[in-house]
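Asker: Sharing my_file27.tsv below, TSV, N, CA and C atoms:
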chain	number	residue	atom	x	y	z
A	1	MET	N	85.79	-23.52	55.18
A	1	MET	CA	84.59	-23.13	54.49
A	1	MET	C	83.67	-24.35	54.44
A	2	ALA	N	82.38	-24.09	54.53
A	2	ALA	CA	81.40	-25.16	54.46
A	2	ALA	C	80.17	-24.69	53.70
A	3	ASP	N	79.40	-25.63	53.23
A	3	ASP	CA	78.12	-25.35	52.56
A	3	ASP	C	77.22	-24.62	53.54
A	4	ALA	N	76.56	-23.57	53.09
A	4	ALA	CA	75.66	-22.78	53.94
A	4	ALA	C	74.57	-23.65	54.54
A	5	ALA	N	74.20	-24.74	53.90
A	5	ALA	CA	73.18	-25.64	54.43
A	5	ALA	C	73.63	-26.31	55.73
A	6	LEU	N	74.92	-26.28	56.01
A	6	LEU	CA	75.46	-26.91	57.22
A	6	LEU	C	75.64	-25.94	58.38
A	7	ALA	N	75.31	-24.67	58.17
A	7	ALA	CA	75.41	-23.68	59.25
A	7	ALA	C	74.57	-24.15	60.43
A	8	GLY	N	75.14	-24.09	61.61
A	8	GLY	CA	74.46	-24.56	62.80
A	8	GLY	C	74.73	-26.03	63.09
A	9	GLN	N	75.30	-26.74	62.11
A	9	GLN	CA	75.61	-28.16	62.30
A	9	GLN	C	77.11	-28.41	62.39
A	10	VAL	N	77.88	-27.57	61.67
A	10	VAL	CA	79.34	-27.67	61.70
A	10	VAL	C	79.92	-26.28	61.93
A	11	ILE	N	81.08	-26.25	62.54
A	11	ILE	CA	81.75	-24.97	62.76
A	11	ILE	C	82.69	-24.72	61.59
A	12	ALA	N	82.56	-23.54	60.99
A	12	ALA	CA	83.43	-23.15	59.87
A	12	ALA	C	83.67	-21.66	59.95
A	13	SER	N	84.80	-21.23	59.39
A	13	SER	CA	85.10	-19.80	59.39
A	13	SER	C	84.21	-19.05	58.41
A	14	HIS	N	83.77	-19.73	57.35
A	14	HIS	CA	82.90	-19.13	56.34
A	14	HIS	C	81.91	-20.17	55.82
A	15	TYR	N	80.78	-19.70	55.38
A	15	TYR	CA	79.78	-20.56	54.75
A	15	TYR	C	79.49	-19.99	53.37
A	16	ALA	N	79.24	-20.87	52.41
A	16	ALA	CA	78.96	-20.42	51.04
A	16	ALA	C	77.79	-21.22	50.49
A	17	ASP	N	76.99	-20.54	49.67
A	17	ASP	CA	75.95	-21.23	48.93
A	17	ASP	C	76.61	-21.88	47.71
A	18	PRO	N	76.39	-23.17	47.50
A	18	PRO	CA	77.03	-23.82	46.36
A	18	PRO	C	76.45	-23.33	45.04
A	19	VAL	N	77.29	-23.28	44.03
A	19	VAL	CA	76.87	-22.96	42.66
A	19	VAL	C	76.78	-24.31	41.94
A	20	GLU	N	75.57	-24.66	41.54
A	20	GLU	CA	75.35	-25.95	40.89
A	20	GLU	C	75.88	-25.91	39.45
A	21	CYS	N	76.82	-26.78	39.16
A	21	CYS	CA	77.44	-26.87	37.84
A	21	CYS	C	77.35	-28.31	37.35
A	22	ARG	N	77.86	-28.53	36.16
A	22	ARG	CA	77.94	-29.86	35.56
A	22	ARG	C	79.35	-30.05	35.02
A	23	ILE	N	79.79	-31.28	35.05
A	23	ILE	CA	81.07	-31.62	34.46
A	23	ILE	C	80.88	-31.59	32.94
A	24	ASN	N	81.68	-30.79	32.24
A	24	ASN	CA	81.51	-30.67	30.79
A	24	ASN	C	82.43	-31.60	30.02
A	25	ALA	N	83.30	-32.28	30.69
A	25	ALA	CA	84.18	-33.28	30.09
A	25	ALA	C	84.61	-34.19	31.24
A	26	GLY	N	84.98	-35.40	30.95
A	26	GLY	CA	85.43	-36.28	32.02
A	26	GLY	C	86.48	-35.57	32.88
A	27	ALA	N	86.38	-35.73	34.17
A	27	ALA	CA	87.28	-35.01	35.08
A	27	ALA	C	87.68	-35.89	36.25
A	28	ALA	N	88.69	-35.44	36.96
A	28	ALA	CA	89.16	-36.13	38.15
A	28	ALA	C	88.85	-35.27	39.37
A	29	LEU	N	88.26	-35.86	40.38
A	29	LEU	CA	88.07	-35.21	41.68
A	29	LEU	C	89.30	-35.55	42.49
A	30	ARG	N	90.04	-34.52	42.92
A	30	ARG	CA	91.32	-34.73	43.60
A	30	ARG	C	91.32	-34.19	45.02
A	31	ASP	N	92.26	-34.65	45.83
A	31	ASP	CA	92.30	-34.25	47.24
A	31	ASP	C	92.98	-32.91	47.49
A	32	ARG	N	93.60	-32.35	46.48
A	32	ARG	CA	94.19	-31.02	46.56
A	32	ARG	C	94.26	-30.46	45.15
A	33	PRO	N	94.46	-29.16	44.99
A	33	PRO	CA	94.43	-28.55	43.66
A	33	PRO	C	95.74	-28.71	42.88
A	34	ALA	N	95.97	-29.93	42.41
A	34	ALA	CA	97.17	-30.22	41.64
A	34	ALA	C	96.93	-31.45	40.76
A	35	GLY	N	97.49	-31.44	39.56
A	35	GLY	CA	97.30	-32.55	38.63
A	35	GLY	C	97.85	-33.87	39.12
A	36	ASP	N	98.82	-33.83	40.03
A	36	ASP	CA	99.40	-35.06	40.55
A	36	ASP	C	98.84	-35.44	41.92
A	37	ALA	N	97.78	-34.76	42.35
A	37	ALA	CA	97.17	-35.05	43.65
A	37	ALA	C	96.44	-36.40	43.61
A	38	VAL	N	96.16	-36.93	44.78
A	38	VAL	CA	95.48	-38.21	44.89
A	38	VAL	C	94.09	-38.13	44.26
A	39	LEU	N	93.78	-39.12	43.42
A	39	LEU	CA	92.48	-39.21	42.77
A	39	LEU	C	91.46	-39.74	43.78
A	40	ILE	N	90.41	-38.97	44.01
A	40	ILE	CA	89.33	-39.43	44.88
A	40	ILE	C	88.37	-40.29	44.08
A	41	ARG	N	87.96	-39.78	42.91
A	41	ARG	CA	87.16	-40.57	41.97
A	41	ARG	C	87.04	-39.83	40.65
A	42	ARG	N	86.66	-40.53	39.62
A	42	ARG	CA	86.42	-39.96	38.30
A	42	ARG	C	85.02	-39.37	38.25
A	43	LEU	N	84.87	-38.28	37.51
A	43	LEU	CA	83.58	-37.65	37.32
A	43	LEU	C	83.24	-37.72	35.83
A	44	ASP	N	82.02	-38.13	35.52
A	44	ASP	CA	81.59	-38.28	34.14
A	44	ASP	C	81.00	-37.00	33.59
A	45	GLN	N	81.04	-36.85	32.27
A	45	GLN	CA	80.42	-35.70	31.61
A	45	GLN	C	78.95	-35.64	31.99
A	46	GLY	N	78.48	-34.45	32.35
A	46	GLY	CA	77.09	-34.24	32.73
A	46	GLY	C	76.81	-34.44	34.21
A	47	GLU	N	77.75	-34.99	34.94
A	47	GLU	CA	77.55	-35.22	36.37
A	47	GLU	C	77.52	-33.89	37.13
A	48	PRO	N	76.61	-33.76	38.10
A	48	PRO	CA	76.55	-32.51	38.87
A	48	PRO	C	77.80	-32.33	39.75
A	49	PHE	N	78.19	-31.07	39.90
A	49	PHE	CA	79.28	-30.71	40.80
A	49	PHE	C	78.92	-29.38	41.44
A	50	ALA	N	78.86	-29.34	42.75
A	50	ALA	CA	78.49	-28.13	43.50
A	50	ALA	C	79.77	-27.40	43.89
A	51	VAL	N	79.97	-26.21	43.33
A	51	VAL	CA	81.18	-25.42	43.56
A	51	VAL	C	81.00	-24.50	44.77
A	52	LEU	N	81.93	-24.59	45.72
A	52	LEU	CA	81.93	-23.72	46.89
A	52	LEU	C	83.00	-22.63	46.79
A	53	ASP	N	84.06	-22.91	46.02
A	53	ASP	CA	85.13	-21.94	45.84
A	53	ASP	C	85.85	-22.25	44.53
A	54	SER	N	86.36	-21.22	43.89
A	54	SER	CA	87.09	-21.42	42.64
A	54	SER	C	88.20	-20.37	42.55
A	55	THR	N	89.45	-20.85	42.56
A	55	THR	CA	90.60	-19.95	42.45
A	55	THR	C	91.74	-20.66	41.74
A	56	LEU	N	92.53	-19.88	41.04
A	56	LEU	CA	93.76	-20.36	40.39
A	56	LEU	C	93.57	-21.60	39.54
A	57	GLY	N	92.44	-21.66	38.83
A	57	GLY	CA	92.22	-22.75	37.90
A	57	GLY	C	91.64	-24.02	38.49
A	58	TRP	N	91.27	-23.98	39.77
A	58	TRP	CA	90.69	-25.15	40.42
A	58	TRP	C	89.39	-24.78	41.13
A	59	ALA	N	88.41	-25.66	41.04
A	59	ALA	CA	87.14	-25.48	41.76
A	59	ALA	C	87.09	-26.48	42.90
A	60	TRP	N	86.67	-26.01	44.06
A	60	TRP	CA	86.54	-26.87	45.24
A	60	TRP	C	85.06	-27.03	45.52
A	61	GLY	N	84.63	-28.25	45.72
A	61	GLY	CA	83.22	-28.49	46.00
A	61	GLY	C	82.96	-29.96	46.21
A	62	TYR	N	81.74	-30.40	45.86
A	62	TYR	CA	81.40	-31.80	46.08
A	62	TYR	C	80.59	-32.36	44.92
A	63	ALA	N	80.67	-33.69	44.80
A	63	ALA	CA	80.03	-34.38	43.67
A	63	ALA	C	79.35	-35.66	44.13
A	64	GLY	N	78.39	-36.07	43.34
A	64	GLY	CA	77.74	-37.36	43.54
A	64	GLY	C	76.79	-37.40	44.71
A	65	SER	N	76.03	-38.48	44.77
A	65	SER	CA	75.06	-38.65	45.85
A	65	SER	C	75.75	-38.78	47.21
A	66	GLU	N	77.01	-39.23	47.19
A	66	GLU	CA	77.77	-39.35	48.44
A	66	GLU	C	78.41	-38.03	48.84
A	67	ARG	N	78.32	-37.02	47.95
A	67	ARG	CA	78.84	-35.67	48.19
A	67	ARG	C	80.32	-35.68	48.56
A	68	ARG	N	81.10	-36.39	47.76
A	68	ARG	CA	82.55	-36.44	47.98
A	68	ARG	C	83.15	-35.08	47.69
A	69	VAL	N	83.95	-34.58	48.62
A	69	VAL	CA	84.54	-33.24	48.52
A	69	VAL	C	85.92	-33.34	47.90
A	70	GLY	N	86.22	-32.37	47.02
A	70	GLY	CA	87.54	-32.33	46.41
A	70	GLY	C	87.66	-31.21	45.40
A	71	TYR	N	88.74	-31.27	44.65
A	71	TYR	CA	89.08	-30.25	43.66
A	71	TYR	C	88.95	-30.80	42.24
A	72	VAL	N	88.45	-29.95	41.34
A	72	VAL	CA	88.31	-30.28	39.92
A	72	VAL	C	88.90	-29.11	39.15
A	73	GLU	N	89.60	-29.39	38.05
A	73	GLU	CA	90.10	-28.31	37.20
A	73	GLU	C	88.92	-27.47	36.71
A	74	SER	N	89.02	-26.17	36.84
A	74	SER	CA	87.92	-25.27	36.48
A	74	SER	C	87.49	-25.41	35.03
A	75	THR	N	88.42	-25.75	34.15
A	75	THR	CA	88.07	-25.90	32.73
A	75	THR	C	87.16	-27.10	32.48
A	76	LYS	N	87.01	-27.98	33.44
A	76	LYS	CA	86.19	-29.18	33.28
A	76	LYS	C	84.75	-29.00	33.73
A	77	ILE	N	84.41	-27.80	34.23
A	77	ILE	CA	83.04	-27.60	34.71
A	77	ILE	C	82.35	-26.46	33.95
A	78	GLY	N	81.05	-26.55	33.87
A	78	GLY	CA	80.24	-25.53	33.24
A	78	GLY	C	78.89	-25.48	33.94
A	79	ARG	N	78.04	-24.59	33.48
A	79	ARG	CA	76.72	-24.49	34.11
A	79	ARG	C	75.70	-25.22	33.36
Could you take the file, read its structure, and then write that structure out as structure tokens?

Answerer:
Amino acid sequence: MADAALAGQVIASHYADPVECRINAGAALRDRPAGDAVLIRRLDQGEPFAVLDSTLGWAWGYAGSERRVGYVESTKIGR
């Protein structure tokens, strides 16, 4: 899956429009949907997070100006 803005630039089985959210409490951006997964970076309260998919308590998307991709616990994000 990829951001719909990348259609025509990258090959993906599906494209999605990101849902713009904010981190509602300090959170960890992880490399897979698990509490013991590798920490990519910390996310601060109020920081934007673009959600592309959300299942089983984890949201997958990207954060920050560098658009780092990873998983965040769904309870840590809001609109």

Asker: So the first atom is CA of Ile23 (chain A) and the second is CA of Leu39 (chain A); what is the distance between them in Å, to one decimal place?

Answerer: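 Computed distance, CA of Ile23 (chain A) to CA of Leu39 (chain A), equals 16.0 Å.
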
Asker: Could you check how far atom C of Pro48 (chain A) sits from atom C of Tyr71 (chain A), in Å to one decimal?

Answerer: 11.5 Å

Asker: Find the residue from A:Val69, A:Val10, A:Leu29, A:Ile40 that sits nearest to Leu52 (chain A); use only C-alpha atoms when measuring.

Answerer: A:Val69

Asker: Using DSSP on the backbone coordinates, identify the residues of chain A assigned to strand (DSSP E); present them as an NGL selection string.

Answerer: :A and (2-3 or 15-16 or 19-23 or 27-30 or 39-43 or 48-55 or 58-63 or 68-73 or 77-78)

Asker: For Gly26 (chain A), which of A:Arg42, A:His14, A:Arg79, A:Arg67 is the closest residue, counting all atoms listed in the file?

Answerer: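 Smallest distance to Gly26 (chain A) is found for A:Arg42.
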
Asker: From the options A:Glu73, A:Arg22, A:Val51, A:Leu56, which residue's atoms come nearest to Asp36 (chain A), counting only C-alpha atoms?

Answerer: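 Closest to Asp36 (chain A), using only C-alpha atoms: A:Glu73.
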
Asker: Check the smallest atom-to-atom distance from each of A:Val72, A:Ile77, A:Ala59, A:Ala7 to Ala28 (chain A) using only N, CA and C atoms, then report the winner.

Answerer: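 Answer, going by the shortest atom-to-atom distance: A:Val72.
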
Asker: Out of A:Ile11, A:Lys76, A:Asp53, A:Tyr62, which residue has the shortest atom-to-atom distance to Ala27 (chain A) when counting all atoms listed in the file?

Answerer: A:Lys76

Asker: Provide the CA of Cys21 (chain A) to atom N of Leu43 (chain A) distance in Å, to one decimal place.

Answerer: 13.6 Å

Asker: In terms of the shortest atom-to-atom distance over all atoms listed in the file, which of A:Phe49, A:Ala34, A:Gly78, A:Asp44 is closest to Pro18 (chain A)?

Answerer: A:Phe49

Asker: Quick one: region 29-52 of chain A with N, CA, C and O atoms, as an mmCIF file, keeping the file's coordinate frame?

Answerer:
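See rebuild-v2.cif below for the written result:
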data_model
loop_
_atom_site.group_PDB
_atom_site.id
_atom_site.type_symbol
_atom_site.label_atom_id
_atom_site.label_comp_id
_atom_site.auth_asym_id
_atom_site.auth_seq_id
_atom_site.Cartn_x
_atom_site.Cartn_y
_atom_site.Cartn_z
ATOM 1 N N LEU A 29 88.260 -35.860 40.380
ATOM 2 C CA LEU A 29 88.070 -35.210 41.680
ATOM 3 C C LEU A 29 89.300 -35.550 42.490
ATOM 4 O O LEU A 29 89.602 -36.721 42.713
ATOM 5 N N ARG A 30 90.040 -34.520 42.920
ATOM 6 C CA ARG A 30 91.320 -34.730 43.600
ATOM 7 C C ARG A 30 91.320 -34.190 45.020
ATOM 8 O O ARG A 30 90.510 -33.333 45.355
ATOM 9 N N ASP A 31 92.260 -34.650 45.830
ATOM 10 C CA ASP A 31 92.300 -34.250 47.240
ATOM 11 C C ASP A 31 92.980 -32.910 47.490
ATOM 12 O O ASP A 31 92.929 -32.380 48.590
ATOM 13 N N ARG A 32 93.600 -32.350 46.480
ATOM 14 C CA ARG A 32 94.190 -31.020 46.560
ATOM 15 C C ARG A 32 94.260 -30.460 45.150
ATOM 16 O O ARG A 32 94.137 -31.203 44.184
ATOM 17 N N PRO A 33 94.460 -29.160 44.990
ATOM 18 C CA PRO A 33 94.430 -28.550 43.660
ATOM 19 C C PRO A 33 95.740 -28.710 42.880
ATOM 20 O O PRO A 33 96.518 -27.780 42.725
ATOM 21 N N ALA A 34 95.970 -29.930 42.410
ATOM 22 C CA ALA A 34 97.170 -30.220 41.640
ATOM 23 C C ALA A 34 96.930 -31.450 40.760
ATOM 24 O O ALA A 34 96.232 -32.385 41.187
ATOM 25 N N GLY A 35 97.490 -31.440 39.560
ATOM 26 C CA GLY A 35 97.300 -32.550 38.630
ATOM 27 C C GLY A 35 97.850 -33.870 39.120
ATOM 28 O O GLY A 35 97.396 -34.928 38.707
ATOM 29 N N ASP A 36 98.820 -33.830 40.030
ATOM 30 C CA ASP A 36 99.400 -35.060 40.550
ATOM 31 C C ASP A 36 98.840 -35.440 41.920
ATOM 32 O O ASP A 36 99.346 -36.349 42.579
ATOM 33 N N ALA A 37 97.780 -34.760 42.350
ATOM 34 C CA ALA A 37 97.170 -35.050 43.650
ATOM 35 C C ALA A 37 96.440 -36.400 43.610
ATOM 36 O O ALA A 37 96.129 -36.919 42.534
ATOM 37 N N VAL A 38 96.160 -36.930 44.780
ATOM 38 C CA VAL A 38 95.480 -38.210 44.890
ATOM 39 C C VAL A 38 94.090 -38.130 44.260
ATOM 40 O O VAL A 38 93.326 -37.198 44.519
ATOM 41 N N LEU A 39 93.780 -39.120 43.420
ATOM 42 C CA LEU A 39 92.480 -39.210 42.770
ATOM 43 C C LEU A 39 91.460 -39.740 43.780
ATOM 44 O O LEU A 39 91.655 -40.818 44.348
ATOM 45 N N ILE A 40 90.410 -38.970 44.010
ATOM 46 C CA ILE A 40 89.330 -39.430 44.880
ATOM 47 C C ILE A 40 88.370 -40.290 44.080
ATOM 48 O O ILE A 40 88.005 -41.381 44.491
ATOM 49 N N ARG A 41 87.960 -39.780 42.910
ATOM 50 C CA ARG A 41 87.160 -40.570 41.970
ATOM 51 C C ARG A 41 87.040 -39.830 40.650
ATOM 52 O O ARG A 41 87.277 -38.630 40.574
ATOM 53 N N ARG A 42 86.660 -40.530 39.620
ATOM 54 C CA ARG A 42 86.420 -39.960 38.300
ATOM 55 C C ARG A 42 85.020 -39.370 38.250
ATOM 56 O O ARG A 42 84.099 -39.896 38.875
ATOM 57 N N LEU A 43 84.870 -38.280 37.510
ATOM 58 C CA LEU A 43 83.580 -37.650 37.320
ATOM 59 C C LEU A 43 83.240 -37.720 35.830
ATOM 60 O O LEU A 43 84.071 -37.405 34.988
ATOM 61 N N ASP A 44 82.020 -38.130 35.520
ATOM 62 C CA ASP A 44 81.590 -38.280 34.140
ATOM 63 C C ASP A 44 81.000 -37.000 33.590
ATOM 64 O O ASP A 44 80.466 -36.168 34.345
ATOM 65 N N GLN A 45 81.040 -36.850 32.270
ATOM 66 C CA GLN A 45 80.420 -35.700 31.610
ATOM 67 C C GLN A 45 78.950 -35.640 31.990
ATOM 68 O O GLN A 45 78.254 -36.659 32.023
ATOM 69 N N GLY A 46 78.480 -34.450 32.350
ATOM 70 C CA GLY A 46 77.090 -34.240 32.730
ATOM 71 C C GLY A 46 76.810 -34.440 34.210
ATOM 72 O O GLY A 46 75.724 -34.098 34.684
ATOM 73 N N GLU A 47 77.750 -34.990 34.940
ATOM 74 C CA GLU A 47 77.550 -35.220 36.370
ATOM 75 C C GLU A 47 77.520 -33.890 37.130
ATOM 76 O O GLU A 47 78.279 -32.978 36.830
ATOM 77 N N PRO A 48 76.610 -33.760 38.100
ATOM 78 C CA PRO A 48 76.550 -32.510 38.870
ATOM 79 C C PRO A 48 77.800 -32.330 39.750
ATOM 80 O O PRO A 48 78.353 -33.293 40.272
ATOM 81 N N PHE A 49 78.190 -31.070 39.900
ATOM 82 C CA PHE A 49 79.280 -30.710 40.800
ATOM 83 C C PHE A 49 78.920 -29.380 41.440
ATOM 84 O O PHE A 49 78.664 -28.399 40.743
ATOM 85 N N ALA A 50 78.860 -29.340 42.750
ATOM 86 C CA ALA A 50 78.490 -28.130 43.500
ATOM 87 C C ALA A 50 79.770 -27.400 43.890
ATOM 88 O O ALA A 50 80.574 -27.903 44.665
ATOM 89 N N VAL A 51 79.970 -26.210 43.330
ATOM 90 C CA VAL A 51 81.180 -25.420 43.560
ATOM 91 C C VAL A 51 81.000 -24.500 44.770
ATOM 92 O O VAL A 51 80.045 -23.738 44.836
ATOM 93 N N LEU A 52 81.930 -24.590 45.720
ATOM 94 C CA LEU A 52 81.930 -23.720 46.890
ATOM 95 C C LEU A 52 83.000 -22.630 46.790
ATOM 96 O O LEU A 52 82.890 -21.587 47.404
#
